[in-house]
$ cat coords-v9.txt   # compact mmCIF, C-alpha atoms (C1' of nucleotides)
# COMPACT_ATOMS: atom_id res chain seq x y z
CA MET U 1 25.17 4.18 21.99
CA SER U 2 26.57 4.48 18.46
CA LYS U 3 25.33 7.02 15.95
CA ALA U 4 23.27 4.40 14.18
CA GLU U 5 21.66 3.23 17.40
CA LYS U 6 20.79 6.80 18.30
CA THR U 7 19.24 7.39 14.89
CA LYS U 8 17.35 4.14 15.12
CA GLN U 9 15.92 5.16 18.49
CA PHE U 10 15.13 8.61 17.12
CA ILE U 11 13.18 7.10 14.23
CA ILE U 12 11.23 4.84 16.57
CA GLU U 13 10.31 7.69 18.90
CA LYS U 14 9.16 9.91 16.06
CA THR U 15 7.17 7.24 14.23
CA ALA U 16 5.60 5.52 17.25
CA PRO U 17 2.78 8.07 17.59
CA LEU U 18 2.38 8.02 13.81
CA PHE U 19 1.76 4.28 13.59
CA ASN U 20 -0.50 4.44 16.64
CA MET U 21 -2.67 7.12 15.05
CA LYS U 22 -2.67 6.22 11.35
CA GLY U 23 -2.10 2.50 11.58
CA TYR U 24 0.30 0.32 9.62
CA SER U 25 -1.20 0.64 6.15
CA GLY U 26 -2.15 4.25 6.82
CA THR U 27 1.44 5.26 7.53
CA SER U 28 3.63 5.68 4.47
CA MET U 29 7.37 5.88 4.12
CA SER U 30 7.02 9.55 3.24
CA ASP U 31 5.08 10.04 6.50
CA ILE U 32 8.09 8.55 8.23
CA THR U 33 10.64 10.73 6.44
CA THR U 34 8.69 13.93 7.11
CA ALA U 35 8.10 13.02 10.77
CA THR U 36 11.79 12.33 11.30
CA GLY U 37 13.21 14.92 8.94
CA LEU U 38 15.43 12.16 7.58
CA THR U 39 15.60 10.69 4.09
CA LYS U 40 14.72 7.26 2.83
CA GLY U 41 18.38 6.30 2.72
CA SER U 42 18.63 6.91 6.43
CA ILE U 43 15.49 4.97 7.29
CA TYR U 44 16.43 1.97 5.13
CA GLY U 45 19.96 2.12 6.45
CA ASN U 46 18.62 1.44 9.93
CA PHE U 47 15.62 -0.75 9.21
CA GLU U 48 15.05 -3.59 6.78
CA ASN U 49 11.67 -2.25 5.64
CA LYS U 50 8.46 -0.54 6.80
CA ASP U 51 7.46 -3.66 8.70
CA GLU U 52 10.47 -3.45 10.97
CA VAL U 53 9.80 0.20 11.76
CA ALA U 54 6.18 -0.62 12.57
CA ILE U 55 7.12 -3.51 14.82
CA ALA U 56 9.72 -1.41 16.64
CA ALA U 57 7.18 1.39 17.03
CA PHE U 58 4.61 -0.99 18.47
CA LYS U 59 7.12 -2.40 20.94
CA PHE U 60 8.10 1.13 21.94
CA ASN U 61 4.50 2.17 22.56
CA VAL U 62 3.71 -0.93 24.58
CA LYS U 63 6.84 -0.63 26.69
CA LYS U 64 6.03 2.99 27.49
CA LEU U 65 2.57 1.93 28.59
CA GLN U 66 3.77 -1.02 30.64
CA ASP U 67 6.52 0.97 32.35
CA THR U 68 4.03 3.60 33.47
CA PHE U 69 1.84 1.00 35.11
CA ALA U 70 4.70 -1.12 36.48
CA ARG U 71 6.15 1.90 38.29
CA GLU U 72 2.84 2.62 39.98
CA ILE U 73 2.08 -1.04 40.74
CA GLU U 74 5.35 -1.72 42.53
CA LYS U 75 4.59 1.13 44.91
CA GLN U 76 1.58 -0.79 46.21
CA THR U 77 1.90 -3.33 48.99
CA THR U 78 -1.37 -5.28 48.72
CA PHE U 79 -2.41 -7.16 45.61
CA LYS U 80 -5.77 -5.47 45.68
CA ASP U 81 -4.04 -2.10 45.55
CA LYS U 82 -1.90 -3.32 42.68
CA LEU U 83 -5.01 -4.22 40.72
CA LEU U 84 -6.67 -0.93 41.62
CA VAL U 85 -3.84 0.91 39.89
CA TYR U 86 -5.49 0.05 36.56
CA PRO U 87 -8.86 1.78 37.05
CA ARG U 88 -7.14 4.68 38.79
CA LEU U 89 -4.56 5.39 36.09
CA TYR U 90 -6.84 4.58 33.18
CA SER U 91 -9.52 6.96 34.51
CA ASP U 92 -7.21 9.69 33.43
CA TYR U 93 -5.51 7.85 30.58
CA TYR U 94 -5.69 10.58 28.01
CA HIS U 95 -4.31 13.20 30.35
CA LEU U 96 -1.39 10.91 31.11
CA ARG U 97 -0.48 11.31 27.43
CA ILE U 98 1.54 8.11 27.42
CA THR U 99 0.83 7.23 23.84
CA GLN U 100 -0.58 9.54 21.22
CA GLY U 101 -3.52 8.05 19.32
CA GLY U 102 -5.00 5.85 22.03
CA CYS U 103 -4.06 2.38 23.19
CA PRO U 104 -1.49 0.66 20.95
CA ILE U 105 -2.84 -2.75 21.91
CA ILE U 106 -6.36 -2.23 20.66
CA ASN U 107 -5.21 -0.14 17.69
CA THR U 108 -2.74 -2.72 16.47
CA ALA U 109 -4.98 -5.67 17.34
CA THR U 110 -7.90 -4.53 15.22
CA GLU U 111 -5.74 -3.71 12.23
CA ALA U 112 -3.36 -6.64 12.33
CA ASP U 113 -5.66 -9.55 13.19
CA ASP U 114 -6.64 -10.29 9.60
CA THR U 115 -3.78 -8.66 7.75
CA HIS U 116 -0.40 -8.75 9.48
CA PRO U 117 0.59 -12.09 11.06
CA VAL U 118 3.81 -10.80 12.63
CA LEU U 119 2.21 -7.81 14.35
CA ARG U 120 -0.79 -9.98 15.22
CA LYS U 121 1.47 -12.36 17.16
CA LYS U 122 3.19 -9.46 18.95
CA VAL U 123 -0.17 -8.11 20.11
CA GLU U 124 -1.34 -11.56 21.15
CA ASN U 125 1.75 -12.08 23.28
CA THR U 126 1.36 -8.63 24.82
CA ILE U 127 -2.22 -9.35 25.85
CA LEU U 128 -1.48 -12.86 27.11
CA GLY U 129 1.48 -11.51 29.09
CA TRP U 130 -0.72 -8.85 30.62
CA LYS U 131 -3.36 -11.46 31.44
CA ASP U 132 -0.75 -13.71 33.11
CA LYS U 133 0.43 -10.81 35.25
CA LEU U 134 -3.13 -10.11 36.37
CA VAL U 135 -3.76 -13.81 37.07
CA CYS U 136 -0.62 -13.79 39.18
CA PHE U 137 -1.78 -10.80 41.22
CA ILE U 138 -5.19 -12.38 41.78
CA GLU U 139 -3.76 -15.75 42.78
CA GLN U 140 -1.29 -14.12 45.13
CA GLY U 141 -4.12 -12.03 46.53
CA ILE U 142 -6.07 -15.21 47.21
CA SER U 143 -3.05 -16.82 48.88
CA ALA U 144 -2.55 -13.71 51.00
CA GLY U 145 -6.19 -13.88 52.09
CA GLU U 146 -7.04 -10.58 50.42
CA PHE U 147 -9.55 -12.21 48.08
CA LYS U 148 -11.94 -15.04 48.80
CA ALA U 149 -10.66 -18.18 47.13
CA LYS U 150 -13.67 -20.24 46.15
CA ASP U 151 -15.71 -17.66 44.26
CA ILE U 152 -12.95 -16.29 42.06
CA ASP U 153 -11.76 -17.57 38.70
CA PRO U 154 -8.44 -15.72 38.22
CA GLU U 155 -8.32 -16.31 34.47
CA LYS U 156 -11.88 -15.10 33.96
CA THR U 157 -11.33 -12.05 36.16
CA ALA U 158 -8.08 -11.13 34.42
CA LEU U 159 -9.62 -11.38 30.95
CA THR U 160 -12.61 -9.33 32.09
CA ILE U 161 -10.41 -6.58 33.47
CA ILE U 162 -8.53 -6.30 30.18
CA ALA U 163 -11.74 -6.36 28.15
CA ILE U 164 -13.30 -3.55 30.18
CA ILE U 165 -10.19 -1.39 29.94
CA GLU U 166 -9.74 -1.83 26.19
CA GLY U 167 -13.42 -1.39 25.49
CA ALA U 168 -13.56 1.72 27.64
CA ILE U 169 -10.60 3.28 25.84
CA MET U 170 -12.22 2.63 22.49
CA ILE U 171 -15.54 4.16 23.57
CA SER U 172 -14.06 7.32 25.04
CA LYS U 173 -11.70 7.74 22.09
CA ILE U 174 -14.36 7.47 19.42
CA THR U 175 -16.92 9.60 21.26
CA GLY U 176 -14.34 12.13 22.37
CA ASN U 177 -15.93 11.93 25.79
CA LEU U 178 -13.26 11.38 28.42
CA SER U 179 -15.83 11.05 31.18
CA HIS U 180 -17.00 7.78 29.64
CA LEU U 181 -13.61 6.34 30.43
CA SER U 182 -13.71 7.32 34.09
CA THR U 183 -17.32 6.19 34.35
CA ILE U 184 -16.48 2.71 33.09
CA MET U 185 -13.42 2.63 35.34
CA LEU U 186 -15.82 3.01 38.29
CA SER U 187 -17.32 -0.32 37.24
CA LEU U 188 -13.88 -1.88 37.02
CA ASN U 189 -13.08 -0.49 40.44
CA LYS U 190 -16.18 -2.16 41.85
CA ILE U 191 -15.29 -5.49 40.24
CA ILE U 192 -11.91 -5.41 41.95
CA GLU U 193 -13.39 -4.25 45.26
CA ASP U 194 -15.89 -7.11 45.10
CA LEU U 195 -13.10 -9.70 44.94
CA GLU U 196 -12.69 -9.56 48.69
CA MET Y 1 -35.19 -2.40 -7.40
CA SER Y 2 -33.52 -0.96 -10.51
CA LYS Y 3 -30.41 -2.44 -12.04
CA ALA Y 4 -28.24 0.27 -10.51
CA GLU Y 5 -29.72 -0.29 -7.06
CA LYS Y 6 -29.10 -4.01 -7.36
CA THR Y 7 -25.50 -3.44 -8.43
CA LYS Y 8 -25.01 -0.94 -5.62
CA GLN Y 9 -26.31 -3.47 -3.10
CA PHE Y 10 -24.13 -6.15 -4.69
CA ILE Y 11 -21.03 -3.98 -4.33
CA ILE Y 12 -21.85 -3.25 -0.69
CA GLU Y 13 -22.38 -6.91 0.14
CA LYS Y 14 -19.14 -7.96 -1.52
CA THR Y 15 -16.99 -5.20 -0.05
CA ALA Y 16 -18.45 -5.15 3.48
CA PRO Y 17 -16.33 -8.10 4.68
CA LEU Y 18 -13.35 -6.61 2.85
CA PHE Y 19 -13.48 -3.27 4.66
CA ASN Y 20 -14.13 -5.05 7.95
CA MET Y 21 -11.04 -7.20 7.54
CA LYS Y 22 -8.55 -4.93 5.81
CA GLY Y 23 -9.79 -1.56 7.01
CA TYR Y 24 -10.38 1.61 5.04
CA SER Y 25 -6.81 2.45 4.03
CA GLY Y 26 -5.99 -1.24 3.66
CA THR Y 27 -8.71 -1.77 1.07
CA SER Y 28 -7.89 -0.50 -2.41
CA MET Y 29 -10.12 0.15 -5.37
CA SER Y 30 -8.55 -2.86 -7.09
CA ASP Y 31 -9.50 -4.96 -4.05
CA ILE Y 32 -13.05 -3.78 -4.64
CA THR Y 33 -13.04 -4.55 -8.36
CA THR Y 34 -11.62 -8.04 -7.86
CA ALA Y 35 -14.03 -8.81 -5.00
CA THR Y 36 -17.02 -7.75 -7.07
CA GLY Y 37 -15.78 -8.86 -10.47
CA LEU Y 38 -16.78 -5.42 -11.73
CA THR Y 39 -14.66 -2.67 -13.23
CA LYS Y 40 -13.82 0.77 -11.93
CA GLY Y 41 -16.37 2.33 -14.24
CA SER Y 42 -19.10 0.33 -12.59
CA ILE Y 43 -17.99 1.15 -9.07
CA TYR Y 44 -17.64 4.88 -9.75
CA GLY Y 45 -20.94 4.84 -11.61
CA ASN Y 46 -22.66 3.79 -8.42
CA PHE Y 47 -20.53 5.51 -5.79
CA GLU Y 48 -18.96 8.94 -5.62
CA ASN Y 49 -15.63 7.61 -4.36
CA LYS Y 50 -13.98 5.03 -2.09
CA ASP Y 51 -15.25 6.86 0.96
CA GLU Y 52 -18.86 6.31 -0.01
CA VAL Y 53 -18.29 2.59 -0.53
CA ALA Y 54 -16.60 2.34 2.85
CA ILE Y 55 -19.40 4.20 4.61
CA ALA Y 56 -22.05 2.06 2.93
CA ALA Y 57 -20.11 -1.07 3.85
CA PHE Y 58 -19.87 0.03 7.47
CA LYS Y 59 -23.61 0.75 7.63
CA PHE Y 60 -24.32 -2.62 6.08
CA ASN Y 61 -22.18 -4.47 8.62
CA VAL Y 62 -23.68 -2.61 11.57
CA LYS Y 63 -27.23 -3.16 10.37
CA LYS Y 64 -26.60 -6.88 9.97
CA LEU Y 65 -25.29 -6.97 13.53
CA GLN Y 66 -28.12 -4.91 14.98
CA ASP Y 67 -30.80 -6.89 13.17
CA THR Y 68 -29.49 -10.16 14.55
CA PHE Y 69 -29.69 -8.87 18.10
CA ALA Y 70 -32.96 -6.97 17.64
CA ARG Y 71 -34.69 -10.12 16.42
CA GLU Y 72 -33.59 -12.05 19.49
CA ILE Y 73 -34.29 -9.20 21.92
CA GLU Y 74 -37.90 -8.69 20.83
CA LYS Y 75 -38.58 -12.35 21.60
CA GLN Y 76 -37.86 -11.68 25.28
CA THR Y 77 -40.54 -10.47 27.63
CA THR Y 78 -38.55 -9.19 30.60
CA PHE Y 79 -35.94 -6.45 30.34
CA LYS Y 80 -33.45 -8.61 32.13
CA ASP Y 81 -33.88 -11.28 29.48
CA LYS Y 82 -33.47 -8.65 26.79
CA LEU Y 83 -30.13 -7.63 28.28
CA LEU Y 84 -29.08 -11.25 28.69
CA VAL Y 85 -29.36 -11.71 24.94
CA TYR Y 86 -26.03 -9.91 24.58
CA PRO Y 87 -23.81 -12.27 26.60
CA ARG Y 88 -25.69 -15.26 25.20
CA LEU Y 89 -25.33 -14.36 21.52
CA TYR Y 90 -21.85 -12.89 21.85
CA SER Y 91 -20.59 -16.04 23.58
CA ASP Y 92 -20.87 -17.67 20.21
CA TYR Y 93 -20.28 -14.56 18.11
CA TYR Y 94 -17.79 -16.04 15.70
CA HIS Y 95 -19.93 -19.07 14.99
CA LEU Y 96 -22.82 -16.76 14.21
CA ARG Y 97 -20.71 -15.52 11.31
CA ILE Y 98 -22.62 -12.24 11.13
CA THR Y 99 -19.70 -10.17 9.97
CA GLN Y 100 -16.45 -11.46 8.58
CA GLY Y 101 -13.40 -9.91 10.23
CA GLY Y 102 -14.78 -9.29 13.70
CA CYS Y 103 -16.88 -6.45 15.05
CA PRO Y 104 -17.29 -3.54 12.61
CA ILE Y 105 -17.72 -1.10 15.48
CA ILE Y 106 -14.36 -1.72 17.10
CA ASN Y 107 -12.60 -2.20 13.76
CA THR Y 108 -13.83 1.05 12.32
CA ALA Y 109 -13.52 2.95 15.59
CA THR Y 110 -9.83 2.24 16.05
CA GLU Y 111 -8.96 3.09 12.47
CA ALA Y 112 -11.17 6.12 11.97
CA ASP Y 113 -10.79 7.97 15.27
CA ASP Y 114 -7.67 9.87 14.25
CA THR Y 115 -7.95 9.67 10.49
CA HIS Y 116 -11.47 9.67 9.07
CA PRO Y 117 -13.89 12.24 10.56
CA VAL Y 118 -16.94 11.04 8.62
CA LEU Y 119 -16.56 7.39 9.57
CA ARG Y 120 -15.60 8.46 13.08
CA LYS Y 121 -18.92 10.23 13.49
CA LYS Y 122 -20.82 7.21 12.13
CA VAL Y 123 -19.19 4.92 14.67
CA GLU Y 124 -19.79 7.41 17.47
CA ASN Y 125 -23.48 7.58 16.65
CA THR Y 126 -23.69 3.81 16.44
CA ILE Y 127 -22.19 3.40 19.89
CA LEU Y 128 -24.24 6.19 21.47
CA GLY Y 129 -27.39 4.73 19.91
CA TRP Y 130 -26.53 1.33 21.31
CA LYS Y 131 -25.87 2.86 24.72
CA ASP Y 132 -29.22 4.70 24.66
CA LYS Y 133 -31.01 1.46 23.87
CA LEU Y 134 -29.33 -0.27 26.81
CA VAL Y 135 -30.08 2.66 29.12
CA CYS Y 136 -33.70 2.39 28.02
CA PHE Y 137 -33.86 -1.32 28.85
CA ILE Y 138 -32.28 -0.75 32.26
CA GLU Y 139 -34.58 2.16 33.13
CA GLN Y 140 -37.62 0.21 32.01
CA GLY Y 141 -36.37 -2.73 34.03
CA ILE Y 142 -36.14 -0.51 37.07
CA SER Y 143 -39.65 0.84 36.48
CA ALA Y 144 -40.94 -2.69 36.10
CA GLY Y 145 -39.34 -3.63 39.39
CA GLU Y 146 -36.97 -6.12 37.79
CA PHE Y 147 -33.90 -4.19 38.89
CA LYS Y 148 -33.36 -2.36 42.16
CA ALA Y 149 -33.58 1.35 41.55
CA LYS Y 150 -31.22 3.02 43.98
CA ASP Y 151 -28.01 1.07 43.36
CA ILE Y 152 -28.02 1.23 39.58
CA ASP Y 153 -26.62 3.94 37.31
CA PRO Y 154 -28.13 3.06 33.91
CA GLU Y 155 -25.62 5.11 31.92
CA LYS Y 156 -22.66 3.56 33.72
CA THR Y 157 -24.05 0.07 33.37
CA ALA Y 158 -24.79 0.53 29.68
CA LEU Y 159 -21.31 1.84 28.93
CA THR Y 160 -19.74 -1.00 30.92
CA ILE Y 161 -21.73 -3.62 29.01
CA ILE Y 162 -20.54 -2.22 25.68
CA ALA Y 163 -16.95 -1.95 26.87
CA ILE Y 164 -16.86 -5.57 28.03
CA ILE Y 165 -18.37 -6.84 24.80
CA GLU Y 166 -16.04 -4.88 22.52
CA GLY Y 167 -12.99 -5.68 24.62
CA ALA Y 168 -13.89 -9.35 24.68
CA ILE Y 169 -14.28 -9.50 20.91
CA MET Y 170 -10.90 -7.87 20.44
CA ILE Y 171 -9.17 -10.29 22.84
CA SER Y 172 -10.65 -13.44 21.35
CA LYS Y 173 -10.02 -12.23 17.81
CA ILE Y 174 -6.37 -11.40 18.32
CA THR Y 175 -5.58 -14.52 20.36
CA GLY Y 176 -7.63 -16.77 18.11
CA ASN Y 177 -9.10 -18.23 21.30
CA LEU Y 178 -12.88 -18.28 21.07
CA SER Y 179 -13.22 -19.56 24.63
CA HIS Y 180 -11.91 -16.22 25.89
CA LEU Y 181 -15.02 -14.61 24.46
CA SER Y 182 -17.41 -16.97 26.23
CA THR Y 183 -15.40 -16.72 29.44
CA ILE Y 184 -15.70 -12.93 29.50
CA MET Y 185 -19.37 -13.18 28.59
CA LEU Y 186 -19.84 -15.15 31.84
CA SER Y 187 -18.69 -12.02 33.65
CA LEU Y 188 -21.11 -9.89 31.67
CA ASN Y 189 -23.86 -12.36 32.47
CA LYS Y 190 -23.13 -11.98 36.17
CA ILE Y 191 -23.16 -8.19 35.94
CA ILE Y 192 -26.65 -8.31 34.44
CA GLU Y 193 -27.83 -10.95 36.92
CA ASP Y 194 -26.57 -8.76 39.76
CA LEU Y 195 -28.80 -5.88 38.70
CA GLU Y 196 -31.76 -7.42 40.46
C1' DG O 1 -39.10 -2.53 -30.87
C1' DC O 2 -37.08 1.62 -30.87
C1' DA O 3 -35.01 5.72 -28.74
C1' DA O 4 -33.34 7.86 -24.78
C1' DA O 5 -31.34 7.14 -20.59
C1' DT O 6 -28.66 4.57 -17.77
C1' DA O 7 -25.04 1.52 -16.49
C1' DT O 8 -20.65 -0.75 -17.34
C1' DA O 9 -16.01 -1.34 -19.54
C1' DT O 10 -11.73 0.48 -21.36
C1' DA O 11 -7.94 3.23 -21.32
C1' DC O 12 -5.75 6.52 -19.33
C1' DC O 13 -4.21 10.36 -15.79
C1' DG O 14 -0.79 12.35 -12.36
C1' DA O 15 0.57 11.25 -7.79
C1' DT O 16 2.20 8.22 -4.52
C1' DT O 17 3.47 3.68 -2.98
C1' DG O 18 7.51 0.71 -0.92
C1' DG O 19 12.02 -0.11 -2.12
C1' DT O 20 17.02 0.19 -4.18
C1' DA O 21 21.57 1.51 -6.25
C1' DT O 22 24.82 4.62 -5.73
C1' DA O 23 26.94 8.81 -4.45
C1' DA O 24 28.15 12.02 -0.80
C1' DT O 25 29.01 12.62 3.83
C1' DT O 26 30.19 11.70 8.50
C1' DA O 27 31.87 8.99 12.38
C1' DA O 28 35.26 5.66 14.38
C1' DG O 29 39.72 3.38 15.16
C1' DC O 30 44.40 3.80 15.13
C1' DG V 1 44.86 13.50 11.20
C1' DC V 2 44.27 10.14 8.17
C1' DT V 3 42.01 5.98 6.48
C1' DT V 4 38.47 2.99 6.56
C1' DA V 5 34.05 1.86 7.63
C1' DA V 6 29.53 3.15 8.59
C1' DT V 7 25.84 6.29 7.86
C1' DT V 8 22.88 9.50 5.31
C1' DA V 9 21.32 11.82 0.93
C1' DT V 10 20.08 11.75 -3.90
C1' DA V 11 17.99 9.99 -7.73
C1' DC V 12 15.62 6.69 -9.50
C1' DC V 13 12.63 2.19 -10.18
C1' DA V 14 8.31 -0.42 -11.39
C1' DA V 15 3.94 -0.97 -9.36
C1' DT V 16 -0.03 0.70 -7.49
C1' DC V 17 -2.86 4.35 -5.71
C1' DG V 18 -7.61 6.90 -6.27
C1' DG V 19 -9.96 8.93 -9.85
C1' DT V 20 -11.78 10.39 -14.70
C1' DA V 21 -13.09 10.86 -19.70
C1' DT V 22 -15.02 8.46 -23.00
C1' DA V 23 -16.64 4.63 -25.51
C1' DT V 24 -19.54 0.60 -25.45
C1' DA V 25 -23.31 -2.13 -23.64
C1' DT V 26 -27.48 -2.65 -21.52
C1' DT V 27 -31.91 -1.25 -19.40
C1' DT V 28 -35.91 1.30 -19.27
C1' DG V 29 -40.12 3.84 -20.68
C1' DC V 30 -43.07 4.53 -24.29
$ encode --input "coords-v9.txt" --output "structure tokens"
Amino acid sequence: MSKAEKTKQFIIEKTAPLFNMKGYSGTSMSDITTATGLTKGSIYGNFENKDEVAIAAFKFNVKKLQDTFAREIEKQTTFKDKLLVYPRLYSDYYHLRITQGGCPIINTATEADDTHPVLRKKVENTILGWKDKLVCFIEQGISAGEFKAKDIDPEKTALTIIAIIEGAIMISKITGNLSHLSTIMLSLNKIIEDLE
Amino acid sequence: MSKAEKTKQFIIEKTAPLFNMKGYSGTSMSDITTATGLTKGSIYGNFENKDEVAIAAFKFNVKKLQDTFAREIEKQTTFKDKLLVYPRLYSDYYHLRITQGGCPIINTATEADDTHPVLRKKVENTILGWKDKLVCFIEQGISAGEFKAKDIDPEKTALTIIAIIEGAIMISKITGNLSHLSTIMLSLNKIIEDLE
DNA sequence: GCAAATATATACCGATTGGTATAATTAAGC
DNA sequence: GCTTAATTATACCAATCGGTATATATTTGC
């Protein structure tokens, strides 16, 4: 890794929590320079503009999140257990301290949907990718006989799982009540248990 | 209503969609003057600062939302039917065109949680108030014998309903796919149906 | 309909915004 | 170790930020 690549990575790591907490328009270039301890020259030497930093930060946050779950999911043998990783890990999401400032998906989605087409598309693809992965698990679970085939709509179930998780994160974040998150994850747990 | 009160209301109505779309830090005073056609003098003559406009706009958006649902809920006689208003109306949320820019609760929650204590508290109270109302419906439904008492945790159910709704709105908004909203509302419908 | 009070417009404030040109510094290849 | 190329720092840009003082209109109460 060259010096520039290292610096670039350093900037991303330092600004990722910033963008996740303060948002795109809430994070200024001076926020970025103070968070990194670097100067504007250094930032603009490694990134085209603020947009590029924000996009890289979003990608970084999402990858961190996905890696955490992927590691735990691949440990599981049944598809039901793979799905159950979500309510289990998310019950304690804020203690996991994966991303500072809550979920990057919901944070970026609500800010970018009407204002930032590029980020908007990135979030859309992230969610659709997540949905496809869940659909895959559910369909494979049906094939494996873990879930009953005729009553389950994989697409609907996948979308519902994501909705509950994102909604739960928002509620517990804004109320500051972490128990709300685990409470709602009990409902998600039941939804997954009821698939069989 | 005095002239000032009319102007104040006018400013709120014109800026409410603005704040809901662009967010607090994304909406500038010049955005407000162009949207209203008024000058800074007029805005600052009726509001202390940008904060106050934003808070008034948030209240306005939430009230609009709540009124729409309250009107439909009071038409229903059973508590189950009152709860079912949510999936029914939200299935077609974007065609209802209540608030431009999506749900003010989720929009303001994700921006304000780490940045704006006053707005944060407003959103928290809005959500907790909503939850209490749902808990009330569920408890009354249990008392009335509509729902089975022993299997239901009203608090958990209420929180789950809110989470699904907010998550669903976020997903359909960011993907631009309105059918995702109605699909997830089918799941919410089932959750409510299963209470009996 | 006139005077006092209120509301709106104008012109300005210092600070900060994202971004750039260029100079100083540091790393990389031989 | 020296030269060249890449990287970082400095100094600056016009534009915009939220906000204010004051002047001009416009209501309002009598």
$ interface_residues --input "coords-v9.txt" --of "chain V" --to "chain Y" --cutoff "12 Å" --atoms "only C-alpha atoms (C1' of nucleotides)" --output "list in words"
DT16, DC17, DG18, DG19, DT20, DA21, DT22, DA23, DT24, DT26, DT27 and DT28 of chain V
$ atom_distance --input "coords-v9.txt" --atom1 "CA of Glu13 in chain Y" --atom2 "CA of Phe60 in chain Y"
7.6 Å
$ atom_distance --input "coords-v9.txt" --atom1 "CA of Lys156 in chain U" --atom2 "CA of Thr183 in chain Y"
6.0 Å
$ interface_residues --input "coords-v9.txt" --of "chain U" --to "chain Y" --cutoff "7 Å" --atoms "only C-alpha atoms" --output "JSON, numbers by chain"
{"U": [21, 22, 23, 25, 26, 101, 107, 109, 110, 111, 113, 114, 115, 120, 124, 156, 159, 160, 163, 164, 166, 167, 168, 170, 173, 174, 175, 183, 184, 187]}
$ residues_near_point --input "coords-v9.txt" --point "(28.3, 7.9, 0.0)" --cutoff "10 Å" --atoms "only C-alpha atoms (C1' of nucleotides)" --output "ChimeraX atom specification"
/O:22-26 /V:6-10
$ atom_distance --input "coords-v9.txt" --atom1 "CA of Asp51 in chain Y" --atom2 "CA of Arg97 in chain Y"
25.3 Å
$ interface_residues --input "coords-v9.txt" --of "chain O" --to "chain Y" --cutoff "10 Å" --atoms "all atoms listed in the file" --output "list in words"
DT6, DA7, DT8, DA9 and DT10 of chain O
$ residues_around --input "coords-v9.txt" --residues "range 78-90 of chain Y" --least-positions-apart "2" --cutoff "9 Å" --atoms "only C-alpha atoms (C1' of nucleotides)" --output "PyMOL selection string"
chain Y and resi 69+72-76+92-94+96+134+137-138+140-142+144+146-147+161+165+169+181-182+184-189+192-193+195-196
$ axis_aligned_box --input "coords-v9.txt" --around "range 49-68 of chain Y" --padding-each-side "6 Å" --output "AutoDock Vina command-line options"
--center_x -22.4 --center_y -1.3 --center_z 5.3 --size_x 28.8 --size_y 29.8 --size_z 31.3
